[in-house]
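Raw coords_32.cif, mmCIF, C-alpha atoms:
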```cif
data_input
loop_
_atom_site.label_atom_id
_atom_site.label_comp_id
_atom_site.auth_asym_id
_atom_site.auth_seq_id
_atom_site.Cartn_x
_atom_site.Cartn_y
_atom_site.Cartn_z
CA MET A 12 117.14 -21.38 -14.06
CA ARG A 13 115.58 -21.97 -10.65
CA ASP A 14 114.53 -18.79 -8.88
CA PHE A 15 116.75 -17.71 -5.99
CA SER A 16 117.69 -14.62 -4.01
CA TYR A 17 121.10 -12.99 -4.02
CA ILE A 18 122.84 -11.23 -1.17
CA ALA A 19 126.32 -9.72 -1.29
CA ALA A 20 127.68 -10.08 2.25
CA THR A 21 130.36 -7.61 3.27
CA THR A 22 131.63 -9.18 6.49
CA ILE A 23 132.29 -12.71 7.74
CA PRO A 24 129.78 -12.39 10.63
CA GLU A 25 127.13 -11.27 8.17
CA ALA A 26 127.76 -14.23 5.85
CA VAL A 27 127.85 -16.68 8.77
CA ALA A 28 124.58 -15.29 10.19
CA LEU A 29 122.92 -15.62 6.78
CA LEU A 30 124.17 -19.19 6.39
CA GLY A 31 122.82 -20.06 9.84
CA GLU A 32 119.48 -18.44 9.15
CA LYS A 33 118.93 -19.89 5.66
CA GLY A 34 120.38 -23.33 6.39
CA GLU A 35 120.61 -25.89 3.62
CA SER A 36 118.91 -23.63 1.09
CA ALA A 37 121.86 -21.22 1.05
CA ARG A 38 125.17 -21.59 -0.77
CA ILE A 39 128.24 -19.42 -0.80
CA LEU A 40 128.92 -17.83 -4.20
CA ALA A 41 132.55 -17.13 -5.02
CA GLY A 42 133.65 -17.65 -8.64
CA GLY A 43 130.38 -19.41 -9.45
CA THR A 44 131.87 -21.57 -12.17
CA ASP A 45 130.58 -24.74 -10.51
CA LEU A 46 127.68 -23.38 -8.46
CA ILE A 47 125.88 -21.46 -11.21
CA VAL A 48 126.04 -24.50 -13.51
CA GLN A 49 124.80 -26.82 -10.76
CA VAL A 50 121.82 -24.58 -10.01
CA ARG A 51 121.05 -24.08 -13.70
CA GLU A 52 121.13 -27.82 -14.28
CA ALA A 53 118.99 -28.47 -11.18
CA ARG A 54 121.75 -30.43 -9.48
CA ARG A 55 121.63 -28.23 -6.38
CA ASP A 56 118.52 -26.72 -4.80
CA VAL A 57 119.60 -23.23 -3.81
CA ASP A 58 117.21 -20.51 -2.63
CA TRP A 59 119.89 -18.08 -1.46
CA MET A 60 123.23 -17.27 -3.02
CA ILE A 61 125.49 -15.44 -0.62
CA ASP A 62 128.20 -13.65 -2.57
CA ILE A 63 131.33 -13.35 -0.43
CA LYS A 64 133.55 -11.54 -2.91
CA SER A 65 133.11 -8.18 -1.13
CA ILE A 66 134.47 -9.61 2.13
CA PRO A 67 138.12 -8.54 2.60
CA GLU A 68 139.29 -11.74 4.36
CA VAL A 69 138.38 -14.02 1.45
CA ASN A 70 140.38 -11.90 -1.00
CA VAL A 71 143.65 -12.00 0.91
CA LEU A 72 146.64 -13.26 -1.06
CA ASP A 73 149.58 -12.78 1.24
CA TYR A 74 152.86 -14.63 0.91
CA ASN A 75 155.65 -14.23 3.40
CA ALA A 76 158.81 -16.34 3.08
CA ALA A 77 158.91 -16.82 6.86
CA THR A 78 155.27 -17.51 7.65
CA GLY A 79 153.91 -18.89 4.41
CA LEU A 80 150.82 -18.17 2.37
CA VAL A 81 147.35 -17.02 3.32
CA LEU A 82 145.11 -17.74 0.36
CA GLY A 83 141.62 -16.24 0.67
CA ALA A 84 138.77 -18.55 -0.28
CA ALA A 85 137.65 -16.37 -3.21
CA VAL A 86 141.04 -15.56 -4.75
CA GLU A 87 140.87 -16.39 -8.45
CA CYS A 88 143.33 -18.78 -10.10
CA TYR A 89 144.86 -16.10 -12.31
CA LYS A 90 145.97 -14.05 -9.30
CA ILE A 91 147.77 -17.06 -7.87
CA TYR A 92 149.83 -17.87 -10.94
CA ALA A 93 150.52 -14.19 -11.64
CA ASN A 94 152.43 -13.96 -8.35
CA ASP A 95 156.12 -14.81 -8.90
CA ALA A 96 156.89 -15.48 -5.23
CA ILE A 97 154.01 -17.96 -5.00
CA CYS A 98 155.12 -19.63 -8.26
CA ASP A 99 158.58 -20.16 -6.74
CA ALA A 100 157.34 -21.33 -3.37
CA TYR A 101 154.44 -23.62 -4.32
CA PRO A 102 154.91 -24.86 -7.89
CA SER A 103 152.34 -27.66 -7.56
CA LEU A 104 149.67 -25.05 -6.82
CA ILE A 105 150.68 -23.30 -10.02
CA ASP A 106 150.64 -26.56 -12.02
CA ALA A 107 147.00 -26.98 -10.93
CA THR A 108 145.67 -23.43 -11.19
CA LYS A 109 146.91 -23.19 -14.77
CA ILE A 110 144.89 -26.24 -15.84
CA ILE A 111 141.57 -25.66 -14.03
CA GLY A 112 139.28 -24.90 -16.97
CA GLY A 113 140.43 -22.39 -19.57
CA THR A 114 141.38 -18.73 -19.34
CA ALA A 115 137.83 -17.49 -18.74
CA ILE A 116 137.28 -20.01 -15.93
CA GLN A 117 140.61 -19.09 -14.31
CA GLY A 118 139.45 -15.46 -14.29
CA ARG A 119 136.64 -16.35 -11.88
CA ALA A 120 137.32 -19.72 -10.27
CA GLY A 121 139.52 -20.08 -7.22
CA VAL A 122 141.15 -22.86 -5.26
CA GLY A 123 138.86 -22.24 -2.27
CA GLY A 124 135.80 -22.85 -4.42
CA ASN A 125 137.45 -25.86 -6.02
CA LEU A 126 137.89 -27.26 -2.50
CA CYS A 127 134.32 -26.47 -1.35
CA ASN A 128 132.88 -28.02 -4.52
CA ALA A 129 134.54 -31.21 -3.26
CA SER A 130 134.85 -33.00 -6.57
CA PRO A 131 136.92 -36.19 -6.28
CA ALA A 132 138.66 -35.07 -9.49
CA ALA A 133 139.44 -31.49 -8.36
CA ASP A 134 142.87 -30.44 -9.61
CA GLY A 135 143.22 -27.82 -6.87
CA ILE A 136 142.99 -30.19 -3.92
CA PRO A 137 146.02 -32.55 -4.24
CA PRO A 138 148.42 -29.56 -4.23
CA LEU A 139 146.77 -28.24 -1.06
CA ILE A 140 147.21 -31.66 0.55
CA VAL A 141 150.87 -32.06 -0.40
CA LEU A 142 151.58 -28.47 0.68
CA ASN A 143 150.11 -29.21 4.12
CA ALA A 144 147.37 -26.59 3.86
CA THR A 145 145.04 -25.80 6.75
CA CYS A 146 141.47 -24.64 6.21
CA VAL A 147 140.39 -21.60 8.20
CA ILE A 148 136.66 -21.97 8.79
CA ALA A 149 134.33 -19.36 10.26
CA GLY A 150 131.07 -20.37 11.91
CA PRO A 151 128.52 -19.45 14.55
CA ASN A 152 130.98 -20.44 17.29
CA GLY A 153 133.91 -18.50 15.89
CA GLU A 154 136.84 -19.76 13.89
CA ARG A 155 138.30 -23.25 13.66
CA GLU A 156 141.03 -24.87 11.62
CA LEU A 157 141.07 -28.21 9.83
CA PRO A 158 143.79 -30.03 7.86
CA VAL A 159 142.77 -29.86 4.21
CA GLU A 160 142.87 -33.64 3.75
CA GLN A 161 139.95 -33.88 6.20
CA PHE A 162 137.81 -31.26 4.46
CA CYS A 163 136.13 -33.33 1.72
CA THR A 164 133.91 -36.07 3.10
CA ALA A 165 132.14 -37.41 -0.02
CA PRO A 166 131.56 -36.24 -3.61
CA GLY A 167 130.21 -32.69 -3.26
CA GLN A 168 130.19 -32.97 0.56
CA THR A 169 132.50 -31.23 3.01
CA ALA A 170 133.20 -31.02 6.72
CA LEU A 171 131.53 -27.59 6.87
CA GLN A 172 128.76 -27.61 9.47
CA LYS A 173 125.58 -25.53 9.43
CA GLY A 174 126.47 -21.85 9.34
CA GLU A 175 130.13 -22.45 8.50
CA MET A 176 132.14 -21.11 5.58
CA LEU A 177 135.69 -21.43 4.33
CA VAL A 178 137.55 -18.15 4.87
CA SER A 179 141.06 -18.98 3.73
CA LEU A 180 143.75 -21.59 3.36
CA LYS A 181 147.01 -21.33 5.23
CA ILE A 182 150.03 -22.97 3.65
CA PRO A 183 153.28 -23.18 5.61
CA ALA A 184 156.42 -21.58 4.20
CA PRO A 185 158.39 -24.05 2.08
CA GLU A 186 161.36 -25.68 3.79
CA SER A 187 164.76 -25.35 2.16
CA ASN A 188 165.48 -27.98 -0.50
CA SER A 189 161.79 -28.65 -1.01
CA SER A 190 159.47 -28.46 -3.98
CA SER A 191 156.21 -29.86 -5.28
CA TYR A 192 154.56 -31.03 -8.47
CA TYR A 193 151.04 -31.78 -9.70
CA LEU A 194 149.96 -33.47 -12.91
CA ARG A 195 146.91 -35.25 -14.24
CA PHE A 196 146.12 -37.65 -17.03
CA ILE A 197 143.59 -36.46 -19.60
CA PRO A 198 143.12 -37.69 -23.17
CA ARG A 199 143.29 -34.11 -24.49
CA ASN A 200 145.76 -31.23 -24.12
CA GLU A 201 143.53 -28.83 -22.15
CA MET A 202 140.03 -28.18 -20.84
CA ASP A 203 139.28 -31.58 -19.38
CA ILE A 204 138.60 -33.33 -16.09
CA ALA A 205 141.28 -35.53 -14.58
CA VAL A 206 141.04 -39.26 -15.23
CA VAL A 207 143.58 -39.41 -12.40
CA GLY A 208 145.55 -36.62 -10.75
CA ALA A 209 148.65 -36.92 -8.56
CA GLY A 210 150.55 -34.40 -6.50
CA ALA A 211 153.78 -34.74 -4.57
CA SER A 212 155.94 -32.57 -2.37
CA VAL A 213 159.44 -33.52 -1.26
CA THR A 214 162.04 -32.11 1.07
CA LEU A 215 165.59 -33.31 0.37
CA ASP A 216 168.72 -33.11 2.51
CA ALA A 217 171.39 -30.45 1.90
CA ALA A 218 173.18 -32.72 -0.60
CA LYS A 219 169.84 -33.21 -2.43
CA GLU A 220 170.39 -36.97 -2.44
CA THR A 221 168.20 -38.18 0.40
CA ILE A 222 164.49 -37.61 0.93
CA VAL A 223 163.83 -36.07 4.32
CA SER A 224 160.06 -36.12 3.94
CA ALA A 225 157.41 -36.34 1.24
CA ARG A 226 153.67 -36.01 0.80
CA ILE A 227 151.64 -37.62 -1.97
CA ALA A 228 148.00 -36.90 -2.85
CA LEU A 229 145.68 -38.40 -5.45
CA ALA A 230 142.57 -37.21 -7.29
CA ALA A 231 139.78 -39.07 -9.08
CA VAL A 232 140.48 -42.49 -7.57
CA ALA A 233 138.17 -42.38 -4.53
CA PRO A 234 135.03 -40.52 -3.36
CA THR A 235 137.32 -37.72 -2.13
CA PRO A 236 140.84 -36.59 -2.98
CA LEU A 237 143.23 -38.78 -0.98
CA PHE A 238 146.31 -38.11 1.13
CA ALA A 239 148.52 -41.17 0.51
CA GLU A 240 149.92 -41.14 4.00
CA GLU A 241 151.63 -44.53 4.07
CA ALA A 242 153.14 -44.07 0.64
CA SER A 243 154.46 -40.68 1.75
CA ALA A 244 155.95 -42.09 4.97
CA LEU A 245 157.82 -44.82 3.03
CA LEU A 246 160.00 -42.15 1.45
CA ALA A 247 161.27 -40.51 4.64
CA GLY A 248 164.97 -41.15 5.04
CA ARG A 249 165.31 -42.95 1.70
CA GLU A 250 167.96 -42.11 -0.84
CA VAL A 251 166.53 -40.65 -4.05
CA SER A 252 166.25 -43.77 -6.22
CA ASP A 253 163.88 -45.53 -8.59
CA GLU A 254 163.47 -48.24 -5.98
CA ALA A 255 162.20 -45.82 -3.34
CA ILE A 256 159.92 -44.05 -5.79
CA ASN A 257 158.50 -47.30 -7.15
CA ALA A 258 157.75 -48.49 -3.62
CA ALA A 259 155.86 -45.27 -2.87
CA ALA A 260 153.97 -45.53 -6.15
CA GLU A 261 152.90 -49.09 -5.34
CA ALA A 262 151.75 -48.01 -1.88
CA ALA A 263 149.75 -45.20 -3.48
CA GLN A 264 148.14 -47.70 -5.86
CA ALA A 265 147.13 -49.81 -2.86
CA ILE A 266 144.87 -47.08 -1.44
CA ALA A 267 143.22 -46.13 -4.75
CA ARG A 268 139.64 -47.36 -4.99
CA PRO A 269 138.57 -45.96 -8.34
CA ILE A 270 135.33 -46.48 -10.19
CA SER A 271 134.92 -47.21 -13.89
CA ASP A 272 133.12 -44.49 -15.79
CA MET A 273 133.17 -42.72 -19.14
CA ARG A 274 136.60 -41.21 -18.35
CA GLY A 275 138.34 -44.50 -17.65
CA THR A 276 138.13 -47.92 -16.10
CA ALA A 277 139.11 -48.72 -12.54
CA GLU A 278 141.96 -50.83 -13.89
CA GLN A 279 143.33 -48.01 -16.03
CA ARG A 280 143.03 -45.57 -13.15
CA THR A 281 144.91 -47.85 -10.78
CA HIS A 282 147.65 -48.19 -13.38
CA LEU A 283 147.72 -44.41 -13.80
CA VAL A 284 148.13 -43.87 -10.06
CA GLY A 285 151.46 -45.69 -10.29
CA VAL A 286 152.63 -43.79 -13.36
CA LEU A 287 151.52 -40.36 -12.15
CA THR A 288 152.82 -40.82 -8.61
CA ARG A 289 156.26 -41.64 -9.99
CA ARG A 290 156.13 -38.64 -12.32
CA ALA A 291 154.94 -36.29 -9.59
CA LEU A 292 157.69 -37.42 -7.22
CA ASN A 293 160.37 -37.25 -9.91
CA GLY A 294 159.05 -33.86 -10.99
CA ALA A 295 159.24 -32.47 -7.46
CA ILE A 296 162.70 -33.96 -6.90
CA GLN A 297 163.95 -32.56 -10.19
CA ARG A 298 162.69 -29.11 -9.21
CA VAL A 299 164.66 -29.26 -5.97
CA GLN A 300 167.80 -30.54 -7.69
CA GLU A 301 167.66 -27.97 -10.46
CA ALA A 302 167.10 -25.04 -8.10
CA THR A 303 170.17 -23.00 -7.37
CA MET B 12 109.83 -14.78 -7.52
CA ALA B 13 112.89 -13.00 -6.18
CA ARG B 14 112.68 -9.27 -6.55
CA ARG B 15 114.29 -7.68 -9.56
CA SER B 16 117.37 -5.73 -8.56
CA HIS B 17 118.51 -2.41 -9.88
CA VAL B 18 122.06 -2.67 -11.19
CA GLN B 19 124.33 0.07 -12.43
CA THR B 20 127.35 -0.95 -14.42
CA THR B 21 129.59 0.30 -17.20
CA ILE B 22 129.25 -1.44 -20.54
CA ASN B 23 131.67 -0.55 -23.31
CA GLY B 24 132.48 2.69 -21.53
CA GLU B 25 128.92 3.85 -20.99
CA THR B 26 127.05 3.84 -17.70
CA VAL B 27 124.11 1.48 -18.00
CA GLU B 28 121.29 0.78 -15.55
CA PHE B 29 119.10 -2.27 -15.73
CA LEU B 30 116.71 -4.37 -13.70
CA CYS B 31 117.29 -8.09 -13.47
CA GLU B 32 116.37 -11.14 -11.46
CA PRO B 33 119.19 -12.74 -9.47
CA ARG B 34 118.94 -15.87 -11.62
CA GLN B 35 119.62 -13.99 -14.84
CA SER B 36 123.18 -14.46 -16.03
CA LEU B 37 125.19 -11.56 -17.39
CA LEU B 38 124.74 -13.20 -20.80
CA GLU B 39 120.95 -13.12 -20.43
CA VAL B 40 121.08 -9.51 -19.25
CA LEU B 41 123.24 -8.49 -22.19
CA ARG B 42 121.09 -10.26 -24.76
CA ASP B 43 117.56 -10.11 -23.37
CA GLU B 44 117.51 -6.88 -21.34
CA LEU B 45 120.07 -4.71 -23.13
CA HIS B 46 119.74 -6.24 -26.61
CA LEU B 47 123.47 -6.59 -27.02
CA THR B 48 123.33 -9.87 -28.91
CA GLY B 49 127.02 -10.13 -29.87
CA ALA B 50 127.85 -12.50 -27.03
CA LYS B 51 126.35 -15.87 -27.92
CA GLU B 52 124.82 -18.65 -25.89
CA GLY B 53 126.51 -21.91 -26.85
CA CYS B 54 126.67 -24.45 -24.05
CA ASN B 55 125.52 -22.22 -21.16
CA ASN B 56 127.84 -24.09 -18.80
CA GLY B 57 131.30 -22.63 -19.28
CA ASN B 58 132.72 -25.03 -21.82
CA CYS B 59 132.40 -23.29 -25.18
CA GLY B 60 133.42 -19.65 -24.66
CA ALA B 61 130.88 -18.24 -27.15
CA CYS B 62 129.68 -15.86 -24.43
CA SER B 63 133.18 -14.55 -23.51
CA VAL B 64 133.25 -10.93 -22.36
CA ILE B 65 135.77 -8.90 -20.40
CA LEU B 66 134.71 -8.07 -16.82
CA ASP B 67 136.90 -5.55 -14.99
CA GLY B 68 139.75 -6.38 -17.35
CA ARG B 69 139.47 -10.19 -17.02
CA LEU B 70 138.09 -12.59 -19.57
CA VAL B 71 135.03 -14.42 -18.22
CA ASN B 72 132.20 -16.58 -19.50
CA SER B 73 129.18 -14.29 -19.19
CA CYS B 74 126.94 -17.36 -18.74
CA LEU B 75 128.79 -18.02 -15.44
CA VAL B 76 128.37 -14.52 -14.03
CA LEU B 77 125.12 -13.31 -12.50
CA GLY B 78 123.85 -9.98 -13.80
CA VAL B 79 123.52 -8.73 -10.22
CA GLU B 80 127.22 -9.39 -9.67
CA THR B 81 128.16 -6.66 -12.14
CA GLU B 82 127.04 -3.76 -9.92
CA GLY B 83 129.75 -1.11 -10.13
CA LYS B 84 131.84 -3.14 -12.54
CA SER B 85 133.00 -2.61 -16.10
CA VAL B 86 131.96 -4.94 -18.93
CA GLU B 87 133.46 -5.02 -22.42
CA THR B 88 131.60 -6.82 -25.20
CA ILE B 89 132.18 -7.27 -28.91
CA GLU B 90 129.83 -4.33 -29.59
CA GLY B 91 132.37 -1.95 -28.05
CA LEU B 92 135.31 -3.04 -30.14
CA ALA B 93 135.06 -1.29 -33.48
CA ALA B 94 135.16 2.47 -33.92
CA PRO B 95 132.17 3.80 -35.93
CA ASP B 96 134.18 3.88 -39.15
CA LYS B 97 136.91 1.37 -38.45
CA LEU B 98 137.17 -2.24 -37.32
CA HIS B 99 139.42 -3.22 -34.46
CA PRO B 100 142.75 -4.72 -35.65
CA ILE B 101 141.71 -8.14 -34.32
CA GLN B 102 138.49 -7.95 -36.34
CA ASP B 103 140.51 -6.97 -39.44
CA ALA B 104 142.84 -9.89 -38.88
CA PHE B 105 139.90 -12.32 -38.57
CA LEU B 106 138.53 -11.04 -41.90
CA GLU B 107 141.90 -11.12 -43.65
CA ASN B 108 142.58 -14.66 -42.49
CA ALA B 109 139.03 -15.91 -43.10
CA ALA B 110 139.11 -17.00 -39.47
CA LEU B 111 135.39 -17.65 -39.28
CA GLN B 112 132.73 -19.64 -41.02
CA CYS B 113 129.37 -19.75 -39.30
CA GLY B 114 130.41 -16.95 -36.95
CA ILE B 115 128.74 -18.08 -33.73
CA CYS B 116 132.03 -18.49 -31.87
CA THR B 117 133.66 -15.39 -33.37
CA PRO B 118 132.65 -12.70 -30.84
CA GLY B 119 133.94 -14.93 -28.04
CA PHE B 120 137.20 -15.66 -29.84
CA ILE B 121 137.75 -11.98 -30.55
CA MET B 122 137.11 -10.91 -26.95
CA SER B 123 139.36 -13.72 -25.75
CA ALA B 124 142.08 -12.64 -28.19
CA LYS B 125 141.71 -9.04 -27.04
CA ALA B 126 142.21 -10.07 -23.42
CA LEU B 127 145.29 -12.07 -24.45
CA LEU B 128 146.92 -9.28 -26.44
CA GLU B 129 146.28 -6.77 -23.65
CA GLN B 130 148.39 -8.78 -21.27
CA ASN B 131 150.76 -10.41 -23.75
CA PRO B 132 151.19 -8.31 -26.93
CA ASN B 133 153.55 -10.83 -28.56
CA PRO B 134 152.31 -14.32 -27.79
CA THR B 135 153.78 -17.47 -29.31
CA GLU B 136 151.54 -19.82 -31.26
CA HIS B 137 151.61 -22.15 -28.26
CA GLU B 138 150.47 -19.36 -25.93
CA VAL B 139 147.67 -18.39 -28.31
CA ARG B 140 146.42 -21.96 -28.52
CA TYR B 141 146.43 -22.47 -24.75
CA TRP B 142 144.81 -19.09 -24.07
CA LEU B 143 142.04 -19.84 -26.57
CA ALA B 144 141.49 -23.42 -25.36
CA GLY B 145 138.29 -22.33 -23.64
CA ASN B 146 136.79 -21.13 -26.92
CA LEU B 147 135.40 -23.84 -29.17
CA CYS B 148 134.94 -23.59 -32.94
CA ARG B 149 133.33 -26.40 -34.89
CA CYS B 150 133.97 -24.95 -38.36
CA THR B 151 137.48 -23.65 -38.90
CA GLY B 152 139.74 -26.23 -37.34
CA TYR B 153 141.32 -23.36 -35.36
CA ASP B 154 144.38 -22.81 -37.60
CA LYS B 155 143.00 -19.71 -39.25
CA ILE B 156 141.91 -18.29 -35.92
CA VAL B 157 145.35 -18.81 -34.41
CA ARG B 158 146.97 -17.19 -37.47
CA ALA B 159 144.57 -14.24 -37.24
CA VAL B 160 145.47 -13.64 -33.60
CA LEU B 161 149.20 -13.84 -34.38
CA ASP B 162 148.69 -11.41 -37.28
CA ALA B 163 146.76 -9.03 -35.06
CA ALA B 164 149.59 -9.15 -32.53
CA ALA B 165 152.11 -8.35 -35.26
CA ALA B 166 149.96 -5.51 -36.58
CA GLU B 167 149.35 -3.80 -33.24
#
```
Here is a file; write its structure as structure tokens.
Amino acid sequence: MRDFSYIAATTIPEAVALLGEKGESARILAGGTDLIVQVREARRDVDWMIDIKSIPEVNVLDYNAATGLVLGAAVECYKIYANDAICDAYPSLIDATKIIGGTAIQGRAGVGGNLCNASPAADGIPPLIVLNATCVIAGPNGERELPVEQFCTAPGQTALQKGEMLVSLKIPAPESNSSSYYLRFIPRNEMDIAVVGAGASVTLDAAKETIVSARIALAAVAPTPLFAEEASALLAGREVSDEAINAAAEAAQAIARPISDMRGTAEQRTHLVGVLTRRALNGAIQRVQEAT
Amino acid sequence: MARRSHVQTTINGETVEFLCEPRQSLLEVLRDELHLTGAKEGCNNGNCGACSVILDGRLVNSCLVLGVETEGKSVETIEGLAAPDKLHPIQDAFLENAALQCGICTPGFIMSAKALLEQNPNPTEHEVRYWLAGNLCRCTGYDKIVRAVLDAAAAE
């Protein structure tokens, strides 16, 4: 593997100063399940790895039913799905964290790293989008926040500027009569990369018959994960029905601009966007309706 | 070349000190520096699980951990499993079920199974198969491995 130096930062200011000083040659190391492979395979030129796992703020996993979730950037997948309150509040996040790699990957990899790796096919990102997550970013000029759907800018590229790092993700508390769902299509049962992924969150009225609001997000059909904003807006105020769900699925298909590669053709992916969007919406609605 | 770092860690219950370069993975440290060759290099990118070890109680791929990251941590490898005169029940179950052929994947499967049974002593077949999905075996077809893990769970 390429030679590089390793520093374990213990505070945010220390990590930010190092990032500013080392510039493009530095990368943040959290779980390392993407970064170490990329460096080993010479896909990223890294001279400095800045390990953030000793920084308290990136290890926060704090759920409060009134204020929501603070998910530190380095919190591993297994800690997320081991938390019963988080499982109840954000089921789409659980759907995703349980299928990112296998057990050994989930012991190291986190959703924050999944986001910063900025793969178009990342399973962790559509749930963050449908759950309305906000990125908390630290940099040389202090802290700023960014809606998660604006974080990825191209494959492997993010909105992080020089000297900036992701500290945590803030997810609002779930509204009553709401739930969420994430699924992907893969030709195997496990351990694979999404051909297409789709997430949905819905809030229903008290009778659980009308959609108050919804959010739909897609993976692996564009250079970045997508927030299907128009498709989501179509559902507001609609009665729960196949007609409404089909209309949203068609609108989601309209924004997909997939490529053809070894995992699937553009045509198959566009078809899958329709199927998976319907399933994600129906899955989220069913979770609301079955909750007591 | 980046300076070699001094690292102190606990491996199979014993305090161990070693020097390593930042670019050396835990797998390379185990095999090349400490001569613990039980963990195997298969894919070296996190797909095959042949290098599975337990780090601070969690199953990890040692090829995806840097040696320098293990400062102050606890590592369990296949070498620490058996008592001097007695195999671990999971090892016994693998032998009884003939759950190995070439053996390259076996240390990883056994460490993975150990991590499973520590947190779920009575897994279903479905749970075993999903837990072990990150460990690949090109010989057995998996059935015997799954049966061995279920037998080990029943025996413990």
Query raised in the report: Pick from B:Trp142, B:Asp43, B:Gly114, B:Met122: nearest to His99 (chain B), with only C-alpha atoms counted?
Result: B:Met122
Requested in this report: Define the interface residues of chain B facing chain A as those within 10 Å, counting only C-alpha atoms, and report them as JSON, numbers by chain.
Outcome: {"B": [12, 13, 14, 15, 16, 32, 33, 34, 35, 36, 55, 56, 57, 58, 59, 60, 63, 64, 65, 66, 68, 69, 70, 71, 72, 73, 74, 75, 76, 77, 79, 80, 123, 126, 127, 140, 141, 142, 143, 144, 145, 146]}
Query raised in the report: Applied to this file, what does the PyMOL selection byres ((chain A and resi 85) around 9) return in terms of residues, put as a PyMOL selection string?
Result: chain A and resi 40-42+63-64+69-71+82-84+86-87+119-124+178-179
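What the PyMOL selection byres ((chain A and resi 26) around 10) grabs from this file is A:Ile18, A:Ala19, A:Ala20, A:Thr21, A:Thr22, A:Ile23, A:Pro24, A:Glu25, A:Val27, A:Ala28, A:Leu29, A:Leu30, A:Gly31, A:Glu32, A:Ile39, A:Ile61, A:Asp62, A:Ile63, A:Ile66, A:Ala149, A:Gly150, A:Gly174, A:Glu175, A:Met176.
Across the model, the gap from CA of Ala133 (chain A) to CA of Gln168 (chain A) is 12.9 Å.
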Report task. Anything within 6 Å of (165.0, -34.2, 0.2): list those residues as a list in words, counting all atoms listed in the file and sticking to the file's coordinates. Result -> Val213, Thr214, Leu215, Asp216, Lys219, Thr221, Ile222 and Val223 of chain A
For the residues selected in the previous step, produce a file with C-alpha atoms as a PDB file, in the coordinates of the input.
```pdb
ATOM      1  CA  VAL A 213     159.440 -33.520  -1.260  1.00  0.00           C
ATOM      2  CA  THR A 214     162.040 -32.110   1.070  1.00  0.00           C
ATOM      3  CA  LEU A 215     165.590 -33.310   0.370  1.00  0.00           C
ATOM      4  CA  ASP A 216     168.720 -33.110   2.510  1.00  0.00           C
ATOM      5  CA  LYS A 219     169.840 -33.210  -2.430  1.00  0.00           C
ATOM      6  CA  THR A 221     168.200 -38.180   0.400  1.00  0.00           C
ATOM      7  CA  ILE A 222     164.490 -37.610   0.930  1.00  0.00           C
ATOM      8  CA  VAL A 223     163.830 -36.070   4.320  1.00  0.00           C
TER       9      VAL A 223
END
```
**Report entry** Residue with smallest distance to Val206 (chain A) - pool A:Arg54, A:His282, A:Lys109, A:Arg38, counting all atoms listed in the file
**Finding:** A:His282
Report task. With the file shown as input, list the residues that the PyMOL selection byres ((chain A and resi 236) around 12) selects, as a ChimeraX atom specification. Result -> /A:125-126,128-141,159-169,205,207-210,227-235,237-239,266-269
How about saving the chosen residues, C-alpha atoms kept, as a short mmCIF file (atom, residue, chain, number, x, y, z; two decimals), in the frame of the given file?
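Resulting contents of part.cif:
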```
data_model
loop_
_atom_site.label_atom_id
_atom_site.label_comp_id
_atom_site.auth_asym_id
_atom_site.auth_seq_id
_atom_site.Cartn_x
_atom_site.Cartn_y
_atom_site.Cartn_z
CA ASN A 125 137.45 -25.86 -6.02
CA LEU A 126 137.89 -27.26 -2.50
CA ASN A 128 132.88 -28.02 -4.52
CA ALA A 129 134.54 -31.21 -3.26
CA SER A 130 134.85 -33.00 -6.57
CA PRO A 131 136.92 -36.19 -6.28
CA ALA A 132 138.66 -35.07 -9.49
CA ALA A 133 139.44 -31.49 -8.36
CA ASP A 134 142.87 -30.44 -9.61
CA GLY A 135 143.22 -27.82 -6.87
CA ILE A 136 142.99 -30.19 -3.92
CA PRO A 137 146.02 -32.55 -4.24
CA PRO A 138 148.42 -29.56 -4.23
CA LEU A 139 146.77 -28.24 -1.06
CA ILE A 140 147.21 -31.66 0.55
CA VAL A 141 150.87 -32.06 -0.40
CA VAL A 159 142.77 -29.86 4.21
CA GLU A 160 142.87 -33.64 3.75
CA GLN A 161 139.95 -33.88 6.20
CA PHE A 162 137.81 -31.26 4.46
CA CYS A 163 136.13 -33.33 1.72
CA THR A 164 133.91 -36.07 3.10
CA ALA A 165 132.14 -37.41 -0.02
CA PRO A 166 131.56 -36.24 -3.61
CA GLY A 167 130.21 -32.69 -3.26
CA GLN A 168 130.19 -32.97 0.56
CA THR A 169 132.50 -31.23 3.01
CA ALA A 205 141.28 -35.53 -14.58
CA VAL A 207 143.58 -39.41 -12.40
CA GLY A 208 145.55 -36.62 -10.75
CA ALA A 209 148.65 -36.92 -8.56
CA GLY A 210 150.55 -34.40 -6.50
CA ILE A 227 151.64 -37.62 -1.97
CA ALA A 228 148.00 -36.90 -2.85
CA LEU A 229 145.68 -38.40 -5.45
CA ALA A 230 142.57 -37.21 -7.29
CA ALA A 231 139.78 -39.07 -9.08
CA VAL A 232 140.48 -42.49 -7.57
CA ALA A 233 138.17 -42.38 -4.53
CA PRO A 234 135.03 -40.52 -3.36
CA THR A 235 137.32 -37.72 -2.13
CA LEU A 237 143.23 -38.78 -0.98
CA PHE A 238 146.31 -38.11 1.13
CA ALA A 239 148.52 -41.17 0.51
CA ILE A 266 144.87 -47.08 -1.44
CA ALA A 267 143.22 -46.13 -4.75
CA ARG A 268 139.64 -47.36 -4.99
CA PRO A 269 138.57 -45.96 -8.34
#
```
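Straight-line separation from CA of Leu104 (chain A) to CA of Asn188 (chain A): 17.3 Å.
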